[in-house]
>>> print(open('entry_22.txt').read())   # compact mmCIF, C-alpha atoms and all ligand atoms
# COMPACT_ATOMS: atom_id res chain seq x y z
CA MET A 1 23.95 -12.09 4.90
CA ARG A 2 21.43 -10.24 2.80
CA ALA A 3 18.81 -7.71 3.75
CA ALA A 4 16.16 -6.20 1.51
CA VAL A 5 14.75 -2.79 2.35
CA VAL A 6 11.38 -2.08 0.77
CA VAL A 7 10.86 1.41 -0.65
CA PHE A 8 7.38 2.90 -1.04
CA PRO A 9 6.54 6.32 -2.43
CA GLY A 10 6.87 8.43 0.73
CA SER A 11 9.33 6.20 2.60
CA ASN A 12 11.93 8.42 4.26
CA CYS A 13 13.88 6.10 6.57
CA ASP A 14 14.82 3.53 3.94
CA ARG A 15 18.42 4.74 3.61
CA ASP A 16 18.84 4.96 7.39
CA LEU A 17 17.67 1.37 7.76
CA ALA A 18 19.94 0.20 4.94
CA VAL A 19 22.95 1.88 6.59
CA ALA A 20 22.14 0.26 9.95
CA PHE A 21 22.09 -3.17 8.27
CA GLN A 22 25.25 -2.45 6.28
CA ARG A 23 27.15 -1.50 9.44
CA GLU A 24 26.63 -5.07 10.65
CA GLY A 25 27.86 -6.59 7.42
CA PHE A 26 24.60 -7.16 5.58
CA ALA A 27 24.53 -6.74 1.82
CA VAL A 28 21.44 -4.62 1.24
CA ASP A 29 19.12 -4.52 -1.76
CA MET A 30 16.67 -1.65 -1.99
CA VAL A 31 13.42 -3.05 -3.40
CA TRP A 32 10.85 -0.79 -5.03
CA HIS A 33 7.30 -1.57 -3.94
CA LYS A 34 6.19 -2.46 -7.47
CA GLU A 35 8.50 -5.47 -7.53
CA THR A 36 6.67 -8.77 -7.19
CA ALA A 37 9.58 -10.75 -5.76
CA LEU A 38 12.37 -10.29 -3.25
CA PRO A 39 15.95 -10.81 -4.42
CA ASP A 40 17.19 -14.39 -4.03
CA GLY A 41 18.80 -15.28 -0.73
CA VAL A 42 17.33 -12.49 1.37
CA ASP A 43 17.63 -13.27 5.10
CA ILE A 44 15.66 -10.33 6.42
CA VAL A 45 13.25 -7.78 4.97
CA GLY A 46 13.25 -4.27 6.41
CA VAL A 47 10.06 -2.26 6.07
CA PRO A 48 11.15 1.30 6.79
CA GLY A 49 9.59 4.35 8.37
CA GLY A 50 8.09 7.25 6.53
CA PHE A 51 4.84 8.38 5.02
CA SER A 52 4.01 5.75 2.42
CA TYR A 53 1.36 7.11 0.06
CA GLY A 54 1.22 10.25 2.17
CA ASP A 55 -0.49 8.31 4.99
CA TYR A 56 -3.71 8.58 2.97
CA LEU A 57 -6.61 6.33 4.01
CA ARG A 58 -4.72 4.98 7.04
CA CYS A 59 -0.97 4.83 7.70
CA GLY A 60 0.39 1.80 5.85
CA ALA A 61 -2.98 0.71 4.43
CA ILE A 62 -2.22 1.49 0.78
CA ALA A 63 1.38 0.28 1.03
CA ALA A 64 0.08 -3.05 2.34
CA GLN A 65 -1.63 -3.54 -1.05
CA SER A 66 1.62 -3.03 -2.99
CA PRO A 67 2.85 -5.98 -5.08
CA ILE A 68 5.97 -6.39 -2.92
CA CYS A 69 3.86 -7.04 0.18
CA GLN A 70 2.68 -10.33 -1.34
CA ALA A 71 6.34 -11.32 -1.55
CA VAL A 72 6.93 -10.14 2.03
CA LEU A 73 3.93 -12.22 3.15
CA ALA A 74 5.36 -15.26 1.37
CA HIS A 75 8.79 -14.64 2.93
CA THR A 76 7.45 -14.37 6.48
CA GLY A 77 5.04 -17.25 5.78
CA ARG A 78 7.98 -19.55 5.15
CA GLY A 79 9.71 -18.37 8.33
CA GLY A 80 11.79 -15.49 6.96
CA TYR A 81 12.83 -12.61 9.19
CA ALA A 82 11.27 -9.16 8.85
CA LEU A 83 11.60 -5.88 10.70
CA GLY A 84 9.05 -3.08 10.48
CA VAL A 85 9.96 0.29 11.97
CA CYS A 86 7.31 2.95 12.49
CA ASN A 87 5.49 3.16 9.14
CA GLY A 88 6.92 -0.31 8.56
CA PHE A 89 5.20 -1.55 11.73
CA GLN A 90 1.99 0.02 10.46
CA VAL A 91 2.42 -1.79 7.11
CA LEU A 92 3.06 -5.13 8.87
CA THR A 93 -0.16 -4.78 10.89
CA GLU A 94 -2.09 -3.74 7.76
CA THR A 95 -0.87 -6.85 5.91
CA GLY A 96 -1.91 -8.99 8.89
CA ILE A 97 1.66 -10.24 9.42
CA LEU A 98 1.53 -8.75 12.93
CA PRO A 99 -1.63 -8.42 15.05
CA GLY A 100 -3.25 -5.21 16.23
CA ALA A 101 -3.40 -1.71 14.76
CA LEU A 102 -1.72 1.66 15.14
CA LEU A 103 -4.26 4.37 15.95
CA ARG A 104 -3.90 8.15 16.09
CA ASN A 105 -1.79 9.25 19.06
CA ALA A 106 -3.95 9.82 22.13
CA GLY A 107 -2.93 13.50 22.18
CA LEU A 108 -3.74 13.84 18.44
CA LYS A 109 -0.32 15.40 17.85
CA TYR A 110 2.70 14.29 15.86
CA ILE A 111 5.41 13.47 18.40
CA CYS A 112 9.11 13.67 17.54
CA LYS A 113 11.40 13.09 20.51
CA THR A 114 13.61 10.52 22.19
CA VAL A 115 11.72 8.27 24.59
CA GLY A 116 12.59 5.59 27.12
CA LEU A 117 11.90 1.96 26.25
CA ARG A 118 12.06 -1.11 28.45
CA VAL A 119 13.31 -4.33 26.85
CA GLU A 120 10.60 -6.86 27.74
CA THR A 121 12.11 -9.93 26.18
CA THR A 122 15.59 -10.91 25.07
CA ASP A 123 14.26 -14.03 23.38
CA SER A 124 14.53 -12.89 19.77
CA ALA A 125 17.13 -12.24 17.10
CA PHE A 126 16.34 -8.53 17.48
CA THR A 127 16.52 -8.08 21.24
CA GLY A 128 19.13 -10.67 22.25
CA GLY A 129 21.80 -7.97 22.59
CA TYR A 130 20.00 -6.31 25.51
CA ALA A 131 19.36 -7.38 29.09
CA LYS A 132 15.78 -8.15 30.12
CA GLY A 133 14.36 -5.04 31.77
CA GLN A 134 17.10 -2.81 30.34
CA GLU A 135 16.01 0.76 29.69
CA ILE A 136 17.17 2.32 26.45
CA ALA A 137 16.62 5.69 24.76
CA ILE A 138 15.30 5.58 21.18
CA PRO A 139 13.63 8.32 19.08
CA ILE A 140 10.00 8.27 17.99
CA ALA A 141 8.47 10.33 15.17
CA HIS A 142 4.84 9.55 14.44
CA HIS A 143 1.23 10.64 14.66
CA ASP A 144 -0.29 7.17 14.52
CA GLY A 145 1.70 5.22 17.07
CA ASN A 146 -1.04 4.34 19.51
CA TYR A 147 -0.90 0.54 19.50
CA PHE A 148 -4.23 -1.20 19.96
CA ALA A 149 -5.14 -4.87 20.16
CA ASP A 150 -8.16 -6.59 21.67
CA GLU A 151 -7.91 -8.27 25.06
CA ALA A 152 -7.57 -11.78 23.63
CA THR A 153 -4.67 -10.70 21.42
CA LEU A 154 -2.99 -8.93 24.33
CA GLU A 155 -3.33 -12.08 26.43
CA THR A 156 -1.61 -14.05 23.70
CA LEU A 157 1.15 -11.48 23.27
CA ARG A 158 1.79 -11.42 27.01
CA GLY A 159 1.45 -15.16 27.52
CA ASP A 160 3.84 -15.95 24.67
CA ASP A 161 6.41 -13.32 25.69
CA ARG A 162 5.90 -11.48 22.41
CA ILE A 163 6.03 -7.92 23.72
CA ALA A 164 9.50 -6.77 22.70
CA PHE A 165 9.53 -3.21 24.07
CA THR A 166 7.31 -1.04 26.24
CA TYR A 167 7.47 2.72 26.80
CA THR A 168 8.72 3.82 30.21
CA ASP A 169 6.55 6.95 29.92
CA ASN A 170 3.79 6.21 27.40
CA PRO A 171 3.82 9.05 24.83
CA ASN A 172 0.94 8.03 22.58
CA GLY A 173 -1.69 6.05 24.51
CA SER A 174 -0.57 2.58 23.39
CA VAL A 175 -2.38 -0.17 25.24
CA GLY A 176 -0.13 -1.77 27.84
CA ASP A 177 2.58 0.81 26.98
CA ILE A 178 3.45 -1.43 24.02
CA ALA A 179 6.11 -0.04 21.69
CA GLY A 180 7.02 -3.18 19.76
CA ILE A 181 5.86 -6.77 19.31
CA LEU A 182 7.03 -10.08 17.85
CA SER A 183 5.27 -12.55 15.58
CA ASP A 184 4.34 -15.98 16.93
CA ASN A 185 7.55 -17.52 15.50
CA ARG A 186 9.54 -14.52 16.92
CA ARG A 187 11.06 -13.79 13.49
CA VAL A 188 9.06 -10.66 12.69
CA LEU A 189 9.35 -7.58 14.86
CA GLY A 190 7.38 -4.36 14.51
CA MET A 191 8.11 -1.28 16.59
CA MET A 192 7.20 2.40 16.45
CA PRO A 193 10.51 3.78 17.80
CA HIS A 194 13.44 4.04 15.38
CA PRO A 195 16.52 2.03 16.44
CA GLU A 196 18.23 3.00 13.17
CA ARG A 197 18.18 6.62 14.35
CA ALA A 198 20.19 5.74 17.46
CA ALA A 199 22.84 3.50 15.99
CA ASP A 200 25.82 5.83 15.61
CA PRO A 201 27.43 8.43 17.93
CA GLY A 202 26.56 11.05 15.31
CA HIS A 203 22.87 10.34 15.96
CA GLY A 204 23.18 11.60 19.51
CA GLY A 205 22.55 8.16 20.96
CA THR A 206 23.69 4.60 20.32
CA ASP A 207 21.15 2.48 22.19
CA GLY A 208 19.83 1.12 18.88
CA ALA A 209 23.21 -0.25 17.84
CA ALA A 210 22.84 -3.43 19.94
CA PHE A 211 19.60 -4.15 18.09
CA PHE A 212 21.31 -4.38 14.70
CA ARG A 213 24.43 -5.99 16.16
CA ALA A 214 22.29 -8.82 17.57
CA LEU A 215 20.62 -9.30 14.19
CA GLY A 216 23.96 -9.39 12.40
CA GLY A 217 25.37 -11.96 14.82
CA LEU A 218 22.44 -14.34 14.68
CA LEU A 219 22.17 -14.31 10.93
CA ALA A 220 25.88 -14.91 10.41
CA PRO A 221 26.64 -18.24 8.76
CA ALA A 222 28.02 -20.77 11.28
N1 LIG B 1 8.31 7.99 11.10
C1 LIG B 1 7.32 7.29 10.61
O1 LIG B 1 7.50 6.21 10.04
C2 LIG B 1 5.94 7.88 10.70
C3 LIG B 1 4.83 6.90 10.40
C4 LIG B 1 3.52 7.58 10.07
N2 LIG B 1 3.67 8.44 8.93
C5 LIG B 1 3.01 8.31 11.28
O2 LIG B 1 3.19 9.52 11.37
O3 LIG B 1 2.45 7.71 12.15
>>> encode(input="entry_22.txt", output="structure tokens")
Amino acid sequence: MRAAVVVFPGSNCDRDLAVAFQREGFAVDMVWHKETALPDGVDIVGVPGGFSYGDYLRCGAIAAQSPICQAVLAHTGRGGYALGVCNGFQVLTETGILPGALLRNAGLKYICKTVGLRVETTDSAFTGGYAKGQEIAIPIAHHDGNYFADEATLETLRGDDRIAFTYTDNPNGSVGDIAGILSDNRRVLGMMPHPERAADPGHGGTDGAAFFRALGGLLAPA
């Protein structure tokens, strides 16, 4: 099992994401954003949290133009798995791999705290380790986490069971309390909360561990 974690100037959760993958047995390659190709045999690409390019222009907008994002687009285009956490979710929406946009938090403040999430679907390689409707505690740390999509897109997301997580107490104004979504083939997940920051007892919470455990299990060779 191989994971690639993309590193942009300003990424700050790349190591955390790599460790979360490694705990489940993934070999992890860190891939600098100037690379034009992913390493051979990569099963899943992780796009980590942070402040790529200092969040200038719009969070994730400049990173989405990096050479590696063409390779990520090709990977997801041929059905490869990808996970975008926080700034990574912003990058995946800016590339068009996932629909919608992350706007400034409704309260205009950076929010750093642990929040409640509800697991809305277990039908994915990411969420299969939870029970439908399960409430979990996962940290957020963002100023642009206010998910927005137009009504037609929301209808599609709801109708196709592509809302992965919602907030139990919406911290940022996200439409429909949406905290994370899946791509149409269910192989790409973007979410603002950080499961990799709740994956070890030393983190103060372990509700994110099942997320990576599920991924590890499903990607294991038969
Ligand atoms: N933790 C993160 O990835 C933060 C993402 C982005 N810099 C924001 O504040 O919205």
>>> residues_near_point(input="entry_22.txt", point="(13.5, -9.5, -1.7)", cutoff="9 Å", atoms="only C-alpha atoms", output="list in words")
Ala3, Ala4, Val5, Val6, Asp29, Met30, Val31, Glu35, Thr36, Ala37, Leu38, Pro39, Asp40, Gly41, Val42, Asp43, Ile44, Val45, Ile68, Ala71, Val72 and His75 of chain A
>>> residues_near_point(input="entry_22.txt", point="(18.5, 7.9, 16.0)", cutoff="12 Å", atoms="only C-alpha atoms", output="compact mmCIF listing (two decimals) with C-alpha atoms, keeping the file's coordinate frame")
# COMPACT_ATOMS: atom_id res chain seq x y z
CA CYS A 13 13.88 6.10 6.57
CA ASP A 16 18.84 4.96 7.39
CA LEU A 17 17.67 1.37 7.76
CA ALA A 20 22.14 0.26 9.95
CA CYS A 112 9.11 13.67 17.54
CA LYS A 113 11.40 13.09 20.51
CA THR A 114 13.61 10.52 22.19
CA VAL A 115 11.72 8.27 24.59
CA ILE A 136 17.17 2.32 26.45
CA ALA A 137 16.62 5.69 24.76
CA ILE A 138 15.30 5.58 21.18
CA PRO A 139 13.63 8.32 19.08
CA ILE A 140 10.00 8.27 17.99
CA ALA A 141 8.47 10.33 15.17
CA PRO A 193 10.51 3.78 17.80
CA HIS A 194 13.44 4.04 15.38
CA PRO A 195 16.52 2.03 16.44
CA GLU A 196 18.23 3.00 13.17
CA ARG A 197 18.18 6.62 14.35
CA ALA A 198 20.19 5.74 17.46
CA ALA A 199 22.84 3.50 15.99
CA ASP A 200 25.82 5.83 15.61
CA PRO A 201 27.43 8.43 17.93
CA GLY A 202 26.56 11.05 15.31
CA HIS A 203 22.87 10.34 15.96
CA GLY A 204 23.18 11.60 19.51
CA GLY A 205 22.55 8.16 20.96
CA THR A 206 23.69 4.60 20.32
CA ASP A 207 21.15 2.48 22.19
CA GLY A 208 19.83 1.12 18.88
CA ALA A 209 23.21 -0.25 17.84
>>> residues_near_ligand(input="entry_22.txt", ligand="ligand LIG 1 (chain B)", cutoff="6 Å", atoms="all atoms listed in the file", output="list of chain:residue names")
A:Gly49, A:Gly50, A:Phe51, A:Asp55, A:Cys59, A:Cys86, A:Asn87, A:Ala141, A:His142, A:His143, A:Asp144, A:Gly145
>>> atom_distance(input="entry_22.txt", atom1="CA of Gly46 in chain A", atom2="CA of Gln90 in chain A")
12.7 Å
>>> residues_around(input="entry_22.txt", residues="range 91-97 of chain A", least_positions_apart="2", cutoff="7 Å", atoms="only C-alpha atoms", output="ChimeraX atom specification")
/A:60-61,63-64,73,84,87-89,99-101
>>> residues_around(input="entry_22.txt", residues="Arg213 in chain A", least_positions_apart="2", cutoff="9 Å", atoms="all atoms listed in the file", output="MDAnalysis selection string")
chainID A and resid 21 23:24 126 129 208:211 215:218
>>> closest_residue(input="entry_22.txt", among="A:Glu135, A:Ile181, A:Ser174, A:Gly107", to="Thr156 in chain A", atoms="all atoms listed in the file")
A:Ile181
>>> closest_residue(input="entry_22.txt", among="A:Asn12, A:Gln134, A:Ala82, A:Gly54", to="Ser183 in chain A", atoms="all atoms listed in the file")
A:Ala82
>>> build_atoms(input="entry_22.txt", residues="range 96-110 of chain A", atoms="N, CA and C atoms", output="mmCIF file, keeping the file's coordinate frame")
data_model
loop_
_atom_site.group_PDB
_atom_site.id
_atom_site.type_symbol
_atom_site.label_atom_id
_atom_site.label_comp_id
_atom_site.auth_asym_id
_atom_site.auth_seq_id
_atom_site.Cartn_x
_atom_site.Cartn_y
_atom_site.Cartn_z
ATOM 1 N N GLY A 96 -1.500 -7.876 8.038
ATOM 2 C CA GLY A 96 -1.910 -8.990 8.890
ATOM 3 C C GLY A 96 -0.742 -9.850 9.344
ATOM 4 N N ILE A 97 0.486 -9.450 8.989
ATOM 5 C CA ILE A 97 1.660 -10.240 9.420
ATOM 6 C C ILE A 97 1.827 -10.112 10.933
ATOM 7 N N LEU A 98 1.527 -8.945 11.479
ATOM 8 C CA LEU A 98 1.530 -8.750 12.930
ATOM 9 C C LEU A 98 0.130 -8.341 13.370
ATOM 10 N N PRO A 99 -0.273 -8.728 14.582
ATOM 11 C CA PRO A 99 -1.630 -8.420 15.050
ATOM 12 C C PRO A 99 -1.748 -6.986 15.596
ATOM 13 N N GLY A 100 -2.990 -6.514 15.648
ATOM 14 C CA GLY A 100 -3.250 -5.210 16.230
ATOM 15 C C GLY A 100 -3.257 -4.112 15.187
ATOM 16 N N ALA A 101 -3.320 -2.868 15.652
ATOM 17 C CA ALA A 101 -3.400 -1.710 14.760
ATOM 18 C C ALA A 101 -2.743 -0.522 15.438
ATOM 19 N N LEU A 102 -2.292 0.419 14.617
ATOM 20 C CA LEU A 102 -1.720 1.660 15.140
ATOM 21 C C LEU A 102 -2.719 2.782 14.918
ATOM 22 N N LEU A 103 -3.252 3.305 16.007
ATOM 23 C CA LEU A 103 -4.260 4.370 15.950
ATOM 24 C C LEU A 103 -3.597 5.733 16.101
ATOM 25 N N ARG A 104 -4.390 6.780 15.876
ATOM 26 C CA ARG A 104 -3.900 8.150 16.090
ATOM 27 C C ARG A 104 -3.416 8.304 17.528
ATOM 28 N N ASN A 105 -2.308 9.007 17.706
ATOM 29 C CA ASN A 105 -1.790 9.250 19.060
ATOM 30 C C ASN A 105 -2.895 9.806 19.950
ATOM 31 N N ALA A 106 -2.885 9.393 21.211
ATOM 32 C CA ALA A 106 -3.950 9.820 22.130
ATOM 33 C C ALA A 106 -4.047 11.347 22.198
ATOM 34 N N GLY A 107 -2.923 12.029 22.109
ATOM 35 C CA GLY A 107 -2.930 13.500 22.180
ATOM 36 C C GLY A 107 -3.200 14.168 20.842
ATOM 37 N N LEU A 108 -3.420 13.373 19.796
ATOM 38 C CA LEU A 108 -3.740 13.840 18.440
ATOM 39 C C LEU A 108 -2.620 14.642 17.789
ATOM 40 N N LYS A 109 -1.443 14.612 18.388
ATOM 41 C CA LYS A 109 -0.320 15.400 17.850
ATOM 42 C C LYS A 109 0.771 14.465 17.318
ATOM 43 N N TYR A 110 1.477 14.955 16.319
ATOM 44 C CA TYR A 110 2.700 14.290 15.860
ATOM 45 C C TYR A 110 3.740 14.467 16.957
#
